[in-house]
Amino acid sequence: MACTHVDAPELRAPGPNQSVYREDCTQCFDSIDDPTGLDVCLYCFNGGCTSERNHSLLHVSSSNHPLVVNIKRTRKKVKRDEPPQKITKLAIAAETEADHYDTVTQVKCYECGVDNVDKSSGKLSQVVDAVMKANTFAQQEEVKAWEQELTACEHTLCLEQDMARQLSQDLGHCSACDLKENLWLCLTCGNLGCGRAQFGGAGGNGHGLEHRHSSDHPVAVKLGSLTADGTADIYCYACDEERVDPELPNHLLHWGINIKDRIKTEKTLTEMQLEQNLRWDFSMLTEDGKELTPLFGAGFTGLKNLGNSCYLASVLQSLFSMPEFADRYNILDEAPPNVSLPAEDLETQLRKVADGLLSGRYSKPDSEVVTSIYTPEAPHQKGLAPAMLKHLIGRGHNEFSTMRQQDAFELLLHLLKLISRSQHVAPQTNPVDAFRFVMEQRLQCVGCKKVRYRTDEHENISIPVPIRRIPKDATMEVTDSEGKEKPKDEFEPVSLKECLEIFTASELVELTCGSCGSKDGFTKKSMFKTFPQVLAVNARRFELVNWVPTKQDVPVIVDDVPFSFDAYKSSGLQEGEVPFPEDDDTGSAGGAPKWAPNEAALSMLEAMGFPRVRCEKALHATGNADPDAASNWLFAHMEDPDIDDPVDFNPRGGTGAASVIDPEKIENLCAMGFNTPQARQALKETGGDMERAVDWLFSHPDAAGDFDEGGSSEALVEVKEASPPGSDKLPAKFQLQSIVCHKGSSIHAGHYVAFIRKQIADEKSASWVLFNDEKVAKAVDVDEMKKFAYVYFFRRL
């Protein structure tokens, strides 16, 4: 029986920017590597599994798309009989999927009941071939993320071309040798030269670079990367960087090349750079060279690194080890959400990740490598690739949509916010509720002693870690990159108790009392009104080094034994305390204590001859304490057109315009080395003025930052008195359950891993387990790692 759908008008090849889900199922992690393969819909290119869950059939019945191509892939065995070659950034082997896999395709029609439709009939040949050649969804999204980092430069924008002439249409080989691949066309004169071997992936003698040196022509395009939609590899030799050329079609047409006729035949630099990033490996050995014991089974499933995605993997492993997330999303007896685009649905993707991590179905040794004397280690897992969830988390976000390394703590807060917003779609219990609690802030005027209490809802705390260096003569010596010995900074250990005491301690804030008029300031203190079920703690170990925020390895001592938080609970309004009237300006719902300039600093600045309005602006921008910092600000802003315009530093009502922050300004501040919360707080404190925000950041190096993207800089959402989150019951004992650790001097570089307390089969008590991307193993050095963790997750007992 022949299929009647092979010429359906809806059948067409996927476009260059269309997602093709031909790697794993959009609703589970079953993939083309499974015995029954993966069905890819030939209408919308959704991927559906064909095993007992049969999400392919579910998609067919809900979409009325009957034709699919079933893809089955089997690995070729790889035996390492020599030491594996170390991969470097500039030496990338030209490998294809065919080097590692044997792939079989078969077209099926569910409506006609034909299991082996002739692939040459109707439109099938063209569509199936395009599906197989298209980037997978994961590859496409990652390439997009890398490509969005590229920009034009003066050399591409101001390119001057020689007199137009028609080039030979075959563009067969390099003008200086016989190479026919990795060819680069000089956009200035039309010379064709081979690329450098380390960039081409298929060999190269660098004749394109030689042409640059002899001609001084800066810009070239890789011919094999040209696509009909106008994209290609552009390289500027003058900048020594990849670039984009907004006028590429016209620049090529100048040499008689119509880009609409071109078909991409080689990998782009972005695709090869992506491959290299996915290959980085990290040691799973102890300090004495012994290998960690791999773990497999339910709850011991690793996540593949998608290229700088370890920050995401460590957070997901920590969250889904919690019963609140496991119970909410690992729903085995319920059908997946009935949505038209499961890959674009957060609920579906969270269920997919929960099933993948917790079911144990995918946690088994990777059989790709046969060990040898050079690779005696037991094979680890292949790991699951949460590409669809990563895409959803990053969609529309300036940072998480890129391939740059990110701050794991910021990712945690962003993900919790996305989950909370999505609960209206699925009204089940919100797992984020386990993180929520109430902090109570107490303000007391130093003059009249009146007090104001306010409560704010939080989902985490960020504790300061005091940085105390050990004298240099007691430190070890290390060697720098030039071979010179220099002292290594070491720091005194700090207890968790000391960090919490600093976090809950009183501090003096310079504000004018709206009740008594005193300018002596207020004491401010924040303590817990309620406690969460899960307490997320971010340890801030940053200090300014040469004006750059730098993470320091200060040991924080955290024991495995339960720790009491009773001492950090707020007692509320006490007998004898006099509260401010509700309509007073001091800290009521209508406003906060008035800001007033530091009179001593103000007098010094005015004595220098500056007008009062300028002095007030300078003090407000630089922390209201240091006249030297304020005078430096004044000298830098003398030419500001609004320097003499009066400013109301105590506006009434709302959070003001400063609470809506330009994302581009945040990105610019982050490029200077500050993190996003610090940048957001600085911009809110300075009305969105970039220069004042920079001054504010340098004047407030210990600023915690504002982690609420949509609220004010003072606090999160005001707590409703009816049902505050968390519990105020005592005792409040917490025990450490998991940590996210980071190695590297900056949160935007380095590597993240997670250590989680879990019950291992045949062991009497829970043990610590290391989750290092796709590798899962029993941990042995957790006590040392706990000292330097970046995020701690405590569970209330």
# chains A, B, ... in the order shown; residues from 1 in each chain; ligands from 1

call {"tool": "residues_around", "arguments": {"residues": "A:Phe491", "least_positions_apart": "4", "cutoff": "8 Å", "atoms": "only C-alpha atoms", "output": "MDAnalysis selection string"}}
result
chainID A and resid 467:470 553:555

call {"tool": "residues_around", "arguments": {"residues": "A:Phe734", "least_positions_apart": "4", "cutoff": "10 Å", "atoms": "only C-alpha atoms", "output": "ChimeraX atom specification"}}
result
/A:531-535,560-565,793-797

call {"tool": "closest_residue", "arguments": {"among": "A:Leu416, A:Ala164, A:Val68, A:Cys516", "to": "A:Cys448", "atoms": "only C-alpha atoms"}}
result
A:Cys516

call {"tool": "closest_residue", "arguments": {"among": "A:Glu247, A:Asp33, A:Asp261, A:Asp327", "to": "A:Tyr362", "atoms": "only C-alpha atoms"}}
result
A:Asp33

call {"tool": "select_by_dssp", "arguments": {"residues": "stretch 222-256 of chain A", "states": "strand (DSSP E)", "output": "PyMOL selection string"}}
result
chain A and resi 222+234-236+241-243
